[in-house]
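Written out below as structure tokens is the structure these notes cover.
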Amino acid sequence: MITFSSLYSQSNLGQDFTVTYSKFVRVSDSTRISIQSENSLSNDYQFRWQTNFGTIQSSGKEVIYYAPGSDGEANIELEIYNRADFISKQIFSISIFRQLIILKADDLLYDNKTIISENWTRFLHYTVSEKIKSSVGLIVNSLETEDERYFGMLQYLVRTGYIELWNHGYDHLLDARHQNGELYDEFRNSTLEYQKNQLRKAQELSKEKLNMTLHTFGAPGNAIDSNTILALDAFDEIKVWFFGLSGSSKLVLGRSVDVEYPAGKPDYNSFVQNYDSSKEYLVFQIHPNQWDESQFETFKQIMEFLKNQRSTFILPYEYYLALINKQ
């Protein structure tokens, strides 16, 4: 069987091989593609590579793919031979991008009348139908409902391939008070054990209700402290941390440009003025449930701007996998 270290490809062959590659490569950049096998006879095999977009250097079990100066999809063709006998041909794709865009949509909750609110429905219908990938911050204790329709809807959204659910806290606690009157949040000015317990409850509940492991975390209100680093270290399945602290073992995705000026209010002119095309990726924090019709139309206008820039929308865990596979 040949397997790929990405989210996408697997096919059956008569010999066990693992092909590792990065699913996303920036224009004019390069990435390593390699084949591993546990079978000692794998040296008898020959591997022939070619691509329709960009170039491949070297041959054998490890090659370097060089992306062209324009964006697009590169098909990588791998043929495997055992001595002179043809074994199999496999084709997989690499996305060549100018800039990656990660949408961080906060605060999804269950609505006992409509399952999810009309504003959330409008946003999710638009992003999925337009094939705009978006990560959605789930307030996880909303899964404590008995309404199976909610679970089914969330599972469907993830199955589309355009939505990633992420851990936005168990209960989104903000501005609570300790007995001494001091303010604390779910992940700021709270004890390490408390933070670990909140993460544990959220991770276990998503697994129980959705049969889903959440790989990305972002704190309510982005309110965090040094305990949050230690708390997250206890959860190996969490790989990505939105707006986290340096020193974390997680992939910390920084904040650089906003869509909303102020929070909850998309502003096209302010966005364009502050947009930076030079960065490899940008994370946009948004609050779709707060938008009225006019603000939603402004968001759509911003998305059209990014499409015209030939940006590539990507999910946070997908970005993590691309980075660890890029050697």
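Scheme for the structure tokens: letters A, B, ... for chains in order shown; per-chain residue numbers from 1; ligand numbers from 1 in order shown.
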*asked:* Need to verify the contact set: stretch 182-184 of chain A, 12 Å, only C-alpha atoms, exclusion of same-chain residues closer than 4 positions in sequence. Can you return it as a PyMOL selection string?
replied: chain A and resi 172-178+188-191+194-195+220-221+223-225
May I have the residues from that selection written out with C-alpha atoms, as a compact mmCIF listing (two decimals), in the first residue's frame?
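Produced file again13.txt, reproduced below:
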```txt
# COMPACT_ATOMS: atom_id res chain seq x y z
CA HIS A 172 -16.19 30.72 26.78
CA LEU A 173 -15.88 32.13 30.28
CA LEU A 174 -14.81 35.80 30.40
CA ASP A 175 -14.71 38.42 33.16
CA ALA A 176 -15.54 36.12 36.07
CA ARG A 177 -14.36 37.00 39.59
CA HIS A 178 -12.35 35.06 42.11
CA ARG A 188 -6.22 33.86 31.88
CA ASN A 189 -5.54 34.43 35.56
CA SER A 190 -6.90 30.93 36.27
CA THR A 191 -5.00 27.95 37.68
CA TYR A 194 -8.53 24.63 35.88
CA GLN A 195 -7.29 25.37 32.36
CA PRO A 220 -12.18 33.10 24.33
CA GLY A 221 -11.36 36.77 23.90
CA ALA A 223 -7.31 35.94 26.91
CA ILE A 224 -4.34 33.73 27.83
CA ASP A 225 -1.40 33.52 30.21
```
Using only C-alpha atoms, which residues of stretch 114-162 of chain A come within 12 Å of stretch 234-257 of chain A, and what is the closest atom pair for each, with the distance in Å to one decimal? Give it as a Markdown table, sorted by chain and residue number.
```
| residue | atom | partner | partner_atom | distance |
| --- | --- | --- | --- | --- |
| A:Ser135 | CA | A:Phe242 | CA | 10.8 |
| A:Val136 | CA | A:Phe242 | CA | 11.8 |
| A:Gly137 | CA | A:Phe242 | CA | 10.4 |
```
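Non-sequential neighbours of A:Val272 (distance at most 12 Å, separation of 6 or more positions within a chain, only C-alpha atoms) are Val257, Asp258, Val259, Glu260, Tyr261, Pro266, Thr298, Phe299, Gln301, Ile302, Met303, Glu304, Phe305, Leu306 and Gln309 of chain A.
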*Counting only C-alpha atoms, the option among A:Glu77, A:Lys113, A:Ala202, A:Phe92 closest to A:Ile139*: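 Ranking A:Glu77, A:Lys113, A:Ala202, A:Phe92 by distance to A:Ile139, first place goes to A:Ala202.
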*Of the candidates A:Val27, A:Ile132, A:Met212, A:Ala74, which shows the shortest atom-to-atom distance to A:Leu154, using only C-alpha atoms?*
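Of A:Val27, A:Ile132, A:Met212, A:Ala74, the one nearest A:Leu154 is A:Met212, counting only C-alpha atoms.
Take atom CA of A:Ile76 and atom CA of A:Ser88: the distance between them is 13.9 Å.
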*Within 10 Å of A:Thr160, counting only C-alpha atoms, which residues qualify if same-chain residues fewer than 4 places away don't, as a ChimeraX atom specification?*
/A:128-129,131,133,155-156,164
For C-alpha atoms, I'd like the residues from the last selection saved as a short mmCIF file (atom, residue, chain, number, x, y, z; two decimals), in the first residue's frame.
```
data_model
loop_
_atom_site.label_atom_id
_atom_site.label_comp_id
_atom_site.auth_asym_id
_atom_site.auth_seq_id
_atom_site.Cartn_x
_atom_site.Cartn_y
_atom_site.Cartn_z
CA VAL A 128 -19.07 26.31 1.60
CA SER A 129 -20.90 27.13 -1.64
CA LYS A 131 -15.46 26.88 -1.68
CA LYS A 133 -12.24 27.29 3.58
CA GLN A 155 -20.40 16.70 11.07
CA TYR A 156 -21.77 17.57 7.63
CA GLU A 164 -12.62 22.94 10.41
#
```
_A:Asp29 environment, 8 Å, only C-alpha atoms, sequence neighbours closer than 6 positions dropped, as a ChimeraX atom specification_ = /A:66-68
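Nearest residue to A:Arg32, choosing from A:Leu323, A:Gln203, A:Lys307, A:Asn289 and counting only C-alpha atoms: A:Leu323.
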*What separation in Å, quoted to one decimal, exists between atom CA of A:Leu192 and atom CA of A:Leu230?*
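Between atom CA of A:Leu192 and atom CA of A:Leu230 the gap works out to 7.3 Å.
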*Quick one: of A:Ser37, A:Gln285, A:Ser30, A:Asn211, who's nearest to A:Ala105, counting only C-alpha atoms?*
A:Gln285
*Could you find all residues in stretch 27-275 of chain A that DSSP calls helix (DSSP H, G or I) from the backbone, and write them as JSON, numbers by chain?*
{"A": [40, 41, 42, 43, 44, 118, 119, 120, 121, 122, 123, 124, 125, 126, 127, 128, 129, 140, 141, 142, 143, 144, 148, 149, 150, 151, 152, 153, 154, 155, 156, 157, 158, 159, 192, 193, 194, 195, 196, 197, 198, 199, 200, 201, 202, 203, 204, 205, 206, 207, 208, 209, 210, 220, 221, 222, 226, 227, 228, 229, 230, 231, 232, 233, 268, 269, 270, 271, 272, 273, 274]}
Can I get the selection written as a PDB file, in the first residue's frame, with C-alpha atoms?
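The resulting file, selection.pdb, is shown below:
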```pdb
ATOM      1  CA  SER A  40      14.606  -4.359   2.973  1.00  0.00           C
ATOM      2  CA  LEU A  41      14.023  -5.251  -0.681  1.00  0.00           C
ATOM      3  CA  SER A  42      12.896  -1.712  -1.544  1.00  0.00           C
ATOM      4  CA  ASN A  43      16.340  -0.989  -3.012  1.00  0.00           C
ATOM      5  CA  ASP A  44      15.323  -3.212  -5.938  1.00  0.00           C
ATOM      6  CA  GLU A 118     -29.554  32.663  10.822  1.00  0.00           C
ATOM      7  CA  ASN A 119     -26.370  34.739  10.726  1.00  0.00           C
ATOM      8  CA  TRP A 120     -24.192  31.637  11.116  1.00  0.00           C
ATOM      9  CA  THR A 121     -26.266  29.799   8.515  1.00  0.00           C
ATOM     10  CA  ARG A 122     -25.811  32.655   6.045  1.00  0.00           C
ATOM     11  CA  PHE A 123     -22.026  32.707   6.588  1.00  0.00           C
ATOM     12  CA  LEU A 124     -21.572  28.933   6.392  1.00  0.00           C
ATOM     13  CA  HIS A 125     -23.759  28.562   3.312  1.00  0.00           C
ATOM     14  CA  TYR A 126     -21.743  31.265   1.561  1.00  0.00           C
ATOM     15  CA  THR A 127     -18.288  29.946   2.457  1.00  0.00           C
ATOM     16  CA  VAL A 128     -19.068  26.312   1.604  1.00  0.00           C
ATOM     17  CA  SER A 129     -20.896  27.132  -1.639  1.00  0.00           C
ATOM     18  CA  VAL A 140     -17.864  23.229  23.071  1.00  0.00           C
ATOM     19  CA  ASN A 141     -20.357  22.994  25.927  1.00  0.00           C
ATOM     20  CA  SER A 142     -23.021  23.801  23.327  1.00  0.00           C
ATOM     21  CA  LEU A 143     -22.667  20.088  22.463  1.00  0.00           C
ATOM     22  CA  GLU A 144     -24.404  19.247  25.742  1.00  0.00           C
ATOM     23  CA  GLU A 148     -28.982  15.285  17.289  1.00  0.00           C
ATOM     24  CA  ARG A 149     -29.593  17.684  14.393  1.00  0.00           C
ATOM     25  CA  TYR A 150     -26.881  19.970  15.760  1.00  0.00           C
ATOM     26  CA  PHE A 151     -24.321  17.165  15.779  1.00  0.00           C
ATOM     27  CA  GLY A 152     -25.340  16.079  12.296  1.00  0.00           C
ATOM     28  CA  MET A 153     -25.028  19.609  10.932  1.00  0.00           C
ATOM     29  CA  LEU A 154     -21.537  20.074  12.393  1.00  0.00           C
ATOM     30  CA  GLN A 155     -20.404  16.704  11.067  1.00  0.00           C
ATOM     31  CA  TYR A 156     -21.767  17.567   7.627  1.00  0.00           C
ATOM     32  CA  LEU A 157     -19.923  20.892   7.579  1.00  0.00           C
ATOM     33  CA  VAL A 158     -16.612  19.186   8.339  1.00  0.00           C
ATOM     34  CA  ARG A 159     -17.268  16.508   5.704  1.00  0.00           C
ATOM     35  CA  LEU A 192      -3.170  25.445  35.529  1.00  0.00           C
ATOM     36  CA  GLU A 193      -5.428  22.613  36.683  1.00  0.00           C
ATOM     37  CA  TYR A 194      -8.533  24.630  35.876  1.00  0.00           C
ATOM     38  CA  GLN A 195      -7.287  25.368  32.360  1.00  0.00           C
ATOM     39  CA  LYS A 196      -6.319  21.746  31.760  1.00  0.00           C
ATOM     40  CA  ASN A 197      -9.725  20.596  32.969  1.00  0.00           C
ATOM     41  CA  GLN A 198     -11.518  23.034  30.630  1.00  0.00           C
ATOM     42  CA  LEU A 199      -9.486  21.739  27.691  1.00  0.00           C
ATOM     43  CA  ARG A 200     -10.061  18.127  28.702  1.00  0.00           C
ATOM     44  CA  LYS A 201     -13.831  18.553  28.965  1.00  0.00           C
ATOM     45  CA  ALA A 202     -13.949  20.247  25.565  1.00  0.00           C
ATOM     46  CA  GLN A 203     -11.799  17.648  23.825  1.00  0.00           C
ATOM     47  CA  GLU A 204     -13.689  14.719  25.339  1.00  0.00           C
ATOM     48  CA  LEU A 205     -17.114  16.202  24.604  1.00  0.00           C
ATOM     49  CA  SER A 206     -16.287  16.808  20.941  1.00  0.00           C
ATOM     50  CA  LYS A 207     -15.075  13.235  20.666  1.00  0.00           C
ATOM     51  CA  GLU A 208     -18.175  11.865  22.386  1.00  0.00           C
ATOM     52  CA  LYS A 209     -20.802  13.898  20.527  1.00  0.00           C
ATOM     53  CA  LEU A 210     -19.159  14.380  17.124  1.00  0.00           C
ATOM     54  CA  PRO A 220     -12.175  33.101  24.330  1.00  0.00           C
ATOM     55  CA  GLY A 221     -11.362  36.772  23.903  1.00  0.00           C
ATOM     56  CA  ASN A 222      -7.771  35.691  23.133  1.00  0.00           C
ATOM     57  CA  SER A 226       1.671  31.372  30.846  1.00  0.00           C
ATOM     58  CA  ASN A 227      -0.489  28.588  32.316  1.00  0.00           C
ATOM     59  CA  THR A 228      -2.121  28.188  28.913  1.00  0.00           C
ATOM     60  CA  ILE A 229       1.200  27.080  27.424  1.00  0.00           C
ATOM     61  CA  LEU A 230       1.512  24.327  30.048  1.00  0.00           C
ATOM     62  CA  ALA A 231      -2.154  23.340  29.792  1.00  0.00           C
ATOM     63  CA  LEU A 232      -1.957  22.880  26.026  1.00  0.00           C
ATOM     64  CA  ASP A 233       1.213  20.812  26.388  1.00  0.00           C
ATOM     65  CA  TYR A 268     -13.573  47.112   3.393  1.00  0.00           C
ATOM     66  CA  ASN A 269     -11.551  50.336   3.126  1.00  0.00           C
ATOM     67  CA  SER A 270      -9.675  49.733   6.383  1.00  0.00           C
ATOM     68  CA  PHE A 271      -8.982  46.160   5.342  1.00  0.00           C
ATOM     69  CA  VAL A 272      -7.545  47.118   1.954  1.00  0.00           C
ATOM     70  CA  GLN A 273      -5.467  49.884   3.500  1.00  0.00           C
ATOM     71  CA  ASN A 274      -3.855  47.449   5.958  1.00  0.00           C
TER      72      ASN A 274
END
```
_Exercise: A:Ile96 partners within 10 Å, only C-alpha atoms, chain neighbours under 4 positions left out, as a ChimeraX atom specification_ = /A:23-29,53-54,67-74,312
*Just give me the gap between atom CA of A:Pro262 and atom CA of A:Pro288 in Å, one decimal is fine.*
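That distance, rounded to one decimal, is 13.5 Å.
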_Please extract the residues of stretch 279-309 of chain A with a backbone DSSP assignment of strand (DSSP E or B) and present them as a count of residues only._
6
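Among A:Tyr320, A:Ser117, A:Ala263, A:Gln50, the residue with the shortest atom-to-atom distance to A:Val63, counting only C-alpha atoms, is A:Gln50.
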